[in-house]
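Have a look at final28.csv below; it lists CSV, C-alpha atoms and all ligand atoms.
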chain,number,residue,atom,x,y,z
A,1,MET,CA,19.4,-8.4,15.8
A,2,SER,CA,17.1,-11.2,14.8
A,3,SER,CA,15.8,-11.3,11.3
A,4,PRO,CA,12.1,-10.3,11.0
A,5,THR,CA,11.4,-13.3,8.9
A,6,SER,CA,12.0,-17.0,9.1
A,7,PRO,CA,12.2,-19.1,5.9
A,8,SER,CA,9.4,-21.5,6.7
A,9,GLY,CA,5.7,-21.3,6.8
A,10,PRO,CA,2.6,-22.2,4.8
A,11,VAL,CA,2.4,-18.8,3.0
A,12,GLY,CA,5.8,-17.6,1.9
A,13,PRO,CA,8.3,-16.3,4.5
A,14,ARG,CA,6.3,-16.3,7.8
A,15,SER,CA,7.1,-13.1,9.7
A,16,SER,CA,7.6,-13.1,13.4
A,17,GLY,CA,6.4,-9.5,13.4
A,18,THR,CA,3.7,-7.5,11.5
A,19,LEU,CA,4.3,-4.8,8.9
A,20,ILE,CA,1.6,-2.2,9.5
A,21,THR,CA,1.2,0.2,6.6
A,22,VAL,CA,-0.9,3.3,7.0
A,23,ALA,CA,-2.8,4.6,4.0
A,24,PRO,CA,-3.9,8.0,5.5
A,25,THR,CA,-5.5,9.9,2.7
A,26,GLY,CA,-6.3,8.2,-0.6
A,27,ALA,CA,-7.7,9.9,-3.7
A,28,GLU,CA,-11.4,9.3,-3.2
A,29,HIS,CA,-12.6,11.1,-0.1
A,30,ARG,CA,-13.4,14.9,-0.2
A,31,LYS,CA,-11.9,17.0,2.6
A,32,SER,CA,-15.3,18.8,2.7
A,33,ASP,CA,-16.9,15.5,3.6
A,34,VAL,CA,-14.1,14.3,5.9
A,35,PRO,CA,-12.6,17.3,7.8
A,36,ASN,CA,-10.1,15.1,9.7
A,37,LEU,CA,-8.6,13.7,6.4
A,38,PRO,CA,-4.9,14.7,6.2
A,39,VAL,CA,-4.5,16.6,3.0
A,40,THR,CA,-1.8,19.3,3.6
A,41,LEU,CA,1.8,18.4,3.9
A,42,ALA,CA,1.8,19.5,7.5
A,43,GLU,CA,-1.2,17.3,8.3
A,44,LEU,CA,0.3,14.4,6.5
A,45,VAL,CA,3.6,14.6,8.3
A,46,SER,CA,1.9,15.0,11.7
A,47,THR,CA,-0.3,12.0,10.9
A,48,ALA,CA,2.7,10.0,9.8
A,49,GLN,CA,4.5,10.8,13.1
A,50,ASP,CA,1.5,9.8,15.2
A,51,CYS,CA,1.1,6.6,13.2
A,52,GLU,CA,4.8,5.7,13.5
A,53,ARG,CA,4.6,6.2,17.3
A,54,VAL,CA,1.8,3.7,17.6
A,55,GLY,CA,3.2,1.0,15.3
A,56,ALA,CA,3.2,1.9,11.6
A,57,GLY,CA,6.3,0.9,9.6
A,58,MET,CA,5.3,2.1,6.2
A,59,ILE,CA,3.1,4.9,4.8
A,60,HIS,CA,1.2,4.7,1.5
A,61,VAL,CA,0.9,8.2,0.2
A,62,HIS,CA,-1.5,10.1,-2.0
A,63,ILE,CA,-1.2,13.8,-2.0
A,64,ARG,CA,-3.5,16.7,-2.5
A,65,ASP,CA,-3.1,20.2,-4.0
A,66,ALA,CA,-3.9,23.5,-2.4
A,67,ALA,CA,-7.5,23.0,-3.2
A,68,ALA,CA,-7.4,19.5,-1.5
A,69,GLN,CA,-7.8,17.8,-4.9
A,70,PRO,CA,-5.7,14.7,-5.7
A,71,THR,CA,-2.6,15.5,-7.6
A,72,LEU,CA,0.5,13.7,-9.0
A,73,ASP,CA,2.5,16.9,-9.2
A,74,LEU,CA,6.2,15.8,-9.2
A,75,GLY,CA,7.5,18.8,-7.3
A,76,LEU,CA,4.9,18.3,-4.5
A,77,LEU,CA,5.6,14.5,-4.5
A,78,THR,CA,9.3,15.1,-4.2
A,79,GLU,CA,8.8,17.6,-1.4
A,80,THR,CA,6.5,15.1,0.4
A,81,VAL,CA,9.0,12.3,0.2
A,82,ALA,CA,11.7,14.6,1.6
A,83,ALA,CA,9.5,15.8,4.5
A,84,LEU,CA,8.4,12.3,5.5
A,85,ARG,CA,12.0,11.2,5.4
A,86,ALA,CA,13.1,14.1,7.5
A,87,GLU,CA,10.4,13.9,10.1
A,88,THR,CA,9.8,10.1,10.4
A,89,ASN,CA,11.7,6.8,9.8
A,90,LEU,CA,8.8,5.3,8.0
A,91,VAL,CA,9.3,3.5,4.7
A,92,VAL,CA,7.7,5.9,2.2
A,93,GLN,CA,5.5,4.4,-0.5
A,94,LEU,CA,4.0,6.6,-3.2
A,95,SER,CA,0.8,5.6,-4.9
A,96,THR,CA,1.2,5.1,-8.7
A,97,GLY,CA,-2.5,4.4,-8.7
A,98,GLY,CA,-3.4,8.0,-8.1
A,99,ALA,CA,-7.0,8.8,-8.9
A,100,VAL,CA,-9.0,6.9,-11.5
A,101,THR,CA,-8.8,10.0,-13.8
A,102,ASP,CA,-4.9,10.3,-13.7
A,103,PRO,CA,-3.2,9.6,-17.1
A,104,GLU,CA,-0.6,6.9,-17.3
A,105,SER,CA,2.2,9.4,-18.0
A,106,ASP,CA,1.6,11.2,-14.7
A,107,ARG,CA,1.4,7.9,-12.9
A,108,LEU,CA,4.8,6.8,-14.3
A,109,ARG,CA,6.4,10.1,-13.4
A,110,VAL,CA,5.6,9.5,-9.7
A,111,LEU,CA,8.7,7.2,-9.7
A,112,ASP,CA,10.9,10.2,-10.4
A,113,ALA,CA,10.2,11.4,-6.8
A,114,LEU,CA,12.3,8.4,-5.8
A,115,PRO,CA,10.2,7.0,-2.9
A,116,ASP,CA,11.5,3.9,-1.1
A,117,SER,CA,8.5,1.9,-2.4
A,118,ALA,CA,5.6,2.4,-4.9
A,119,SER,CA,2.4,0.7,-5.5
A,120,CYS,CA,1.9,-1.3,-8.8
A,121,THR,CA,-1.6,-2.5,-9.4
A,122,MET,CA,-1.8,-5.8,-11.3
A,123,GLY,CA,-4.8,-5.2,-13.5
A,124,THR,CA,-7.9,-3.2,-14.4
A,125,VAL,CA,-10.8,-3.4,-12.1
A,126,ASN,CA,-14.2,-1.8,-11.7
A,127,PHE,CA,-13.9,0.7,-8.9
A,128,GLY,CA,-17.3,1.7,-7.6
A,129,ASP,CA,-18.9,3.5,-10.5
A,130,ASP,CA,-15.5,4.1,-12.1
A,131,VAL,CA,-12.8,1.9,-13.8
A,132,PHE,CA,-9.3,1.8,-12.3
A,133,MET,CA,-7.3,1.2,-15.5
A,134,ASN,CA,-4.1,-0.8,-15.5
A,135,ARG,CA,-3.1,-2.1,-18.9
A,136,TRP,CA,-0.5,-4.9,-19.2
A,137,GLU,CA,2.0,-2.7,-21.0
A,138,PHE,CA,1.6,-0.1,-18.3
A,139,ILE,CA,2.2,-2.6,-15.5
A,140,VAL,CA,5.4,-3.9,-17.2
A,141,GLU,CA,6.6,-0.3,-17.6
A,142,LEU,CA,6.0,0.5,-13.9
A,143,HIS,CA,7.7,-2.8,-12.9
A,144,GLN,CA,10.8,-2.0,-15.0
A,145,ARG,CA,11.1,1.6,-14.1
A,146,MET,CA,10.9,0.7,-10.4
A,147,ARG,CA,13.7,-1.8,-10.8
A,148,ASP,CA,15.8,0.7,-12.8
A,149,ARG,CA,15.5,3.2,-9.9
A,150,GLY,CA,15.8,0.6,-7.0
A,151,ILE,CA,12.3,1.3,-5.8
A,152,VAL,CA,10.6,-1.6,-4.1
A,153,PRO,CA,7.1,-2.4,-5.5
A,154,GLU,CA,4.1,-3.3,-3.6
A,155,TYR,CA,1.9,-5.3,-6.0
A,156,GLU,CA,-1.7,-4.3,-5.3
A,157,ILE,CA,-4.2,-7.0,-5.9
A,158,PHE,CA,-7.9,-6.0,-6.3
A,159,ASP,CA,-9.1,-9.3,-7.7
A,160,LEU,CA,-7.9,-12.9,-7.9
A,161,GLY,CA,-7.0,-12.9,-11.6
A,162,GLN,CA,-4.5,-10.1,-10.9
A,163,LEU,CA,-2.4,-12.7,-9.0
A,164,ALA,CA,-2.2,-14.7,-12.3
A,165,SER,CA,-0.9,-11.5,-13.9
A,166,LEU,CA,1.7,-11.1,-11.2
A,167,HIS,CA,3.0,-14.6,-11.9
A,168,ARG,CA,3.1,-13.7,-15.6
A,169,LEU,CA,5.0,-10.5,-14.8
A,170,LEU,CA,7.6,-12.2,-12.7
A,171,ASP,CA,8.0,-15.1,-15.1
A,172,LYS,CA,8.5,-12.7,-18.1
A,173,HIS,CA,10.3,-9.8,-16.5
A,174,GLY,CA,12.0,-11.1,-13.4
A,175,LEU,CA,12.1,-10.1,-9.8
A,176,PRO,CA,11.7,-6.5,-8.6
A,177,ALA,CA,14.4,-4.4,-6.9
A,178,GLY,CA,15.4,-6.0,-3.6
A,179,GLY,CA,14.6,-9.5,-5.0
A,180,HIS,CA,11.6,-9.9,-2.7
A,181,VAL,CA,7.9,-9.9,-3.8
A,182,HIS,CA,5.5,-8.2,-1.5
A,183,VAL,CA,1.8,-8.2,-2.3
A,184,ASP,CA,-1.1,-6.1,-0.9
A,185,LEU,CA,-4.6,-7.6,-1.1
A,186,VAL,CA,-7.1,-4.7,-1.4
A,187,MET,CA,-10.4,-6.4,-0.6
A,188,GLY,CA,-13.9,-5.3,-0.6
A,189,VAL,CA,-13.8,-2.6,-3.3
A,190,PRO,CA,-17.2,-2.6,-5.1
A,191,GLY,CA,-16.2,-4.3,-8.3
A,192,GLY,CA,-13.2,-6.2,-6.9
A,193,MET,CA,-12.8,-9.3,-4.7
A,194,PRO,CA,-14.9,-9.5,-1.6
A,195,GLY,CA,-13.3,-8.9,1.8
A,196,ASP,CA,-13.9,-12.2,3.5
A,197,VAL,CA,-12.0,-15.1,4.9
A,198,GLN,CA,-12.8,-17.5,2.0
A,199,THR,CA,-11.5,-15.1,-0.6
A,200,LEU,CA,-8.3,-14.3,1.4
A,201,VAL,CA,-7.6,-18.0,1.7
A,202,ALA,CA,-8.1,-18.4,-2.1
A,203,ALA,CA,-5.7,-15.5,-2.7
A,204,LEU,CA,-3.0,-17.0,-0.6
A,205,ARG,CA,-3.0,-20.2,-2.7
A,206,LEU,CA,-2.2,-18.0,-5.7
A,207,LEU,CA,0.7,-16.0,-4.1
A,208,PRO,CA,4.1,-16.4,-5.8
A,209,GLU,CA,6.5,-18.7,-3.8
A,210,GLY,CA,8.2,-16.8,-1.0
A,211,ALA,CA,6.0,-13.7,-1.4
A,212,SER,CA,4.9,-11.8,1.7
A,213,PHE,CA,1.5,-10.2,1.8
A,214,SER,CA,-0.5,-7.6,3.6
A,215,ALA,CA,-4.2,-7.1,3.4
A,216,THR,CA,-6.7,-4.4,3.8
A,217,GLY,CA,-10.5,-4.5,3.8
A,218,ILE,CA,-12.4,-1.5,2.5
A,219,GLY,CA,-15.1,-0.1,4.6
A,220,ARG,CA,-16.9,-2.6,6.8
A,221,THR,CA,-14.6,-5.4,5.6
A,222,SER,CA,-11.7,-3.8,7.5
A,223,LEU,CA,-11.9,-5.9,10.6
A,224,PRO,CA,-12.7,-9.3,9.2
A,225,VAL,CA,-9.8,-8.9,6.7
A,226,MET,CA,-7.5,-7.7,9.4
A,227,LEU,CA,-8.2,-10.7,11.7
A,228,ALA,CA,-8.0,-13.2,8.8
A,229,ALA,CA,-4.7,-11.7,7.5
A,230,LEU,CA,-3.2,-11.8,11.0
A,231,SER,CA,-4.2,-15.4,11.6
A,232,ALA,CA,-2.8,-16.4,8.2
A,233,GLY,CA,0.6,-14.9,9.0
A,234,GLY,CA,0.1,-11.8,6.9
A,235,HIS,CA,0.7,-8.1,7.3
A,236,LEU,CA,-1.8,-5.3,7.6
A,237,ARG,CA,-2.7,-2.1,5.9
A,238,VAL,CA,-5.1,0.3,7.6
A,239,GLY,CA,-6.0,4.0,7.2
A,240,MET,CA,-8.6,6.5,6.2
A,241,GLU,CA,-8.0,5.8,2.5
A,242,ASP,CA,-9.7,2.5,3.1
A,243,THR,CA,-12.2,3.0,5.9
A,244,LEU,CA,-13.8,6.0,7.6
A,245,SER,CA,-15.6,4.0,10.4
A,246,TYR,CA,-13.9,2.7,13.5
A,247,ALA,CA,-17.0,0.8,14.5
A,248,LYS,CA,-20.6,0.7,13.4
A,249,GLY,CA,-21.9,4.3,13.7
A,250,GLU,CA,-18.6,5.6,15.0
A,251,PRO,CA,-16.5,7.6,12.6
A,252,VAL,CA,-12.7,7.3,12.6
A,253,ARG,CA,-11.1,9.9,14.9
A,254,ASP,CA,-7.8,9.8,13.0
A,255,ASN,CA,-5.4,7.4,11.3
A,256,ALA,CA,-3.4,6.7,14.4
A,257,GLN,CA,-6.6,5.3,16.0
A,258,LEU,CA,-6.7,2.7,13.2
A,259,VAL,CA,-3.0,1.9,13.4
A,260,ALA,CA,-3.2,1.6,17.2
A,261,ARG,CA,-6.0,-1.0,16.9
A,262,ALA,CA,-4.0,-2.9,14.3
A,263,ALA,CA,-0.9,-2.9,16.5
A,264,GLY,CA,-2.9,-4.1,19.4
A,265,LEU,CA,-4.3,-7.0,17.4
A,266,ALA,CA,-0.8,-7.8,16.1
A,267,ARG,CA,0.5,-8.0,19.6
A,268,ILE,CA,-2.4,-10.3,20.6
A,269,ALA,CA,-1.4,-12.5,17.7
A,270,GLN,CA,2.1,-12.5,19.1
A,271,ARG,CA,3.5,-10.9,15.9
A,272,PRO,CA,4.1,-7.3,17.2
A,273,PRO,CA,4.5,-4.4,14.8
A,274,LEU,CA,7.8,-4.3,12.8
A,275,SER,CA,9.9,-1.2,13.1
A,276,ALA,CA,10.6,0.7,9.9
A,277,ASP,CA,14.1,-0.7,9.8
A,278,GLU,CA,12.7,-4.2,10.1
A,279,VAL,CA,10.3,-3.4,7.3
A,280,ARG,CA,13.2,-2.3,5.1
A,281,ALA,CA,14.9,-5.7,5.8
A,282,LEU,CA,11.6,-7.6,5.0
A,283,LEU,CA,11.0,-5.8,1.7
A,284,GLY,CA,14.7,-5.5,0.6
A,285,ALA,CA,14.2,-1.7,0.4
A,286,ALA,CA,17.3,0.5,0.0
A,287,ARG,CA,17.6,4.2,-0.9
A,288,PRO,CA,16.6,4.5,-4.6
A,289,GLU,CA,18.7,6.2,-7.3
A,290,PRO,CA,17.8,8.4,-10.2
A,291,VAL,CA,18.3,6.8,-13.6
A,292,ALA,CA,21.3,8.3,-15.5
B,301,LIG,N1,-7.1,5.5,-5.8
B,301,LIG,C1,-7.3,4.3,-6.6
B,301,LIG,C2,-7.9,4.6,-7.9
B,301,LIG,C3,-2.9,2.7,-5.4
B,301,LIG,O1,-2.8,3.6,-4.6
B,301,LIG,O2,-2.0,2.3,-6.0
B,301,LIG,C4,-6.1,3.5,-6.7
B,301,LIG,C5,-5.3,3.2,-5.5
B,301,LIG,C6,-4.3,2.2,-5.7
B,301,LIG,O3,-5.5,3.8,-4.5
B,302,ZN,ZN,-3.8,4.1,-2.7

Translate the structure of the given file into structure tokens.
Amino acid sequence: MSSPTSPSGPVGPRSSGTLITVAPTGAEHRKSDVPNLPVTLAELVSTAQDCERVGAGMIHVHIRDAAAQPTLDLGLLTETVAALRAETNLVVQLSTGGAVTDPESDRLRVLDALPDSASCTMGTVNFGDDVFMNRWEFIVELHQRMRDRGIVPEYEIFDLGQLASLHRLLDKHGLPAGGHVHVDLVMGVPGGMPGDVQTLVAALRLLPEGASFSATGIGRTSLPVMLAALSAGGHLRVGMEDTLSYAKGEPVRDNAQLVARAAGLARIAQRPPLSADEVRALLGAARPEPVA
């Protein structure tokens, strides 16, 4: 089997295929406003299967409780990881960002559900009318706990300065589990970096040597960010966490619709979707272990 990456390229290891991550739910949208948002475990698993079928290789997971409210309940997270592993081959990434109201202790405990991957946001950012808090000591704790458990981080970047923090983290505390650095640029959050080509290019100049990146554009920045990321050799994140419109005036039907479009564009770019196993190879993901 050929390796999904080659060592050369202007921006880290240039991949011959595209990692498509689906972020199906998020913590911000209300089920009452968005009835097709997957919030139950059955809805999540069914969405995950549909998305895998049309090209997703990884799933970025936020879960909801019985009242469809965001939760970081460890038992539910553990059950979710098990169900996604049983019913799909997707790389399972849990959000440690949670909702803006979640305390740090709950966000750290997410790692005890032993997902393959977890998000690690690299700084505090205004988040609409809220603040998404990520203190330096908290980031370091997340990074170290992930490494202890063999969980591969995805460093989430909401603003350019957070890439400077990523350099500082890696310089002071070393590489993550798997030895590979993967970054996700979350663009177009009100309060964060804009979702446009110029900002994406600026971000790429700040990536650590050898890092891979994906990008997602929130709301109407979804398409411009997707096209820019593809043309720059990057990977893609799409899903209803990030956008609820497929086109102007046309609500998203479901997550698979967004994944299918991303997969089609990736094929046009001659970097077709990576399978979940190819994504594992790209990220250096192995099955995580509890700490003794
Ligand atoms: N829900 C946002 C406050 C992550 O998943 O790590 C944070 C977020 C990032 O979605
Ligand atoms: Zn998220």

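Minimum distance to Leu94 of chain A across A:Ala118, A:Leu72, A:Val152, A:Ala281 (counting all atoms listed in the file) occurs at A:Ala118.
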
Inset, instruction - Taking all atoms listed in the file into account, report as an NGL selection string which residues have an atom no farther than 12 Å from an atom of ligand ZN 302 (chain B). - result: :A and (21-29 or 59-63 or 70 or 93-100 or 118-121 or 132 or 154-158 or 184-186 or 216 or 218 or 237-242)

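Each of A:Ala86, A:Val125, A:Val39, A:Ile20 was compared to ligand LIG 301 (chain B) using all atoms listed in the file, and A:Val125 turns out to be the nearest.
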
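When atom CA of Leu90 of chain A is paired with atom CA of Ala215 of chain A, their separation reads 18.5 Å.
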
Inset, instruction - Quick one: everything within 12 Å of Ala266 of chain A, counting all atoms listed in the file, minus sequence neighbours fewer than 5 positions away in the same chain. Send it as number ranges by chain. - result: A: 15-20, 54-56, 226-237, 259-261, 271-274

Inset, instruction - May I have the residues within 9 Å of His143 of chain A as an MDAnalysis selection string, using all atoms listed in the file and disregarding those fewer than 3 positions away in the same chain? - result: chainID A and resid 120 138:140 146:148 153 169 173 176

Legend entry - Long-range neighbours of Lys248 of chain A as number ranges by chain, 12 Å cut-off, all atoms listed in the file, 3 positions minimum in chain: A: 219-223, 243-245, 251-252

Dump C-alpha atoms for the selected residues as a PDB file, in the frame of the given file?
ATOM      1  CA  GLY A 219     -15.100  -0.100   4.600  1.00  0.00           C
ATOM      2  CA  ARG A 220     -16.900  -2.600   6.800  1.00  0.00           C
ATOM      3  CA  THR A 221     -14.600  -5.400   5.600  1.00  0.00           C
ATOM      4  CA  SER A 222     -11.700  -3.800   7.500  1.00  0.00           C
ATOM      5  CA  LEU A 223     -11.900  -5.900  10.600  1.00  0.00           C
ATOM      6  CA  THR A 243     -12.200   3.000   5.900  1.00  0.00           C
ATOM      7  CA  LEU A 244     -13.800   6.000   7.600  1.00  0.00           C
ATOM      8  CA  SER A 245     -15.600   4.000  10.400  1.00  0.00           C
ATOM      9  CA  PRO A 251     -16.500   7.600  12.600  1.00  0.00           C
ATOM     10  CA  VAL A 252     -12.700   7.300  12.600  1.00  0.00           C
TER      11      VAL A 252
END

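Using all atoms listed in the file for every distance, the candidate list A:Leu206, A:Arg145, A:Pro224, A:Ser117 yields A:Leu206 as the residue closest to Asp159 of chain A.
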
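Minimum distance to ligand LIG 301 (chain B) across A:Ala83, A:Pro38, A:Met133, A:Ala67 (counting all atoms listed in the file) occurs at A:Met133.
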
Inset, instruction - Measuring atom to atom with only C-alpha atoms and all ligand atoms, identify which of A:Ser105, A:Asn126, A:Gln49, A:Asn255 is nearest to ligand LIG 301 (chain B). - result: A:Asn126

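Closest approach to Glu52 of chain A among A:Ala276, A:Glu79, A:Arg107, A:Gly179: A:Ala276, based on all atoms listed in the file.
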
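Interatomic distance, atom CA of Glu289 of chain A against atom CA of Thr124 of chain A: 29.1 Å.
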
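Atom CA of Pro115 of chain A lies 7.1 Å from atom CA of Pro288 of chain A.
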
Legend entry - Neighbour list for Gly284 of chain A as a ChimeraX atom specification, cut-off 10 Å, all atoms listed in the file, skip fewer than 6 positions in-chain: /A:150-152,176-182,278

Inset, instruction - Counting all atoms listed in the file, note down every residue that has an atom within 6 Å of the point (3.5, 11.3, -7.2) (file coordinates), as a PyMOL selection string. - result: chain A and resi 72+74+77+110
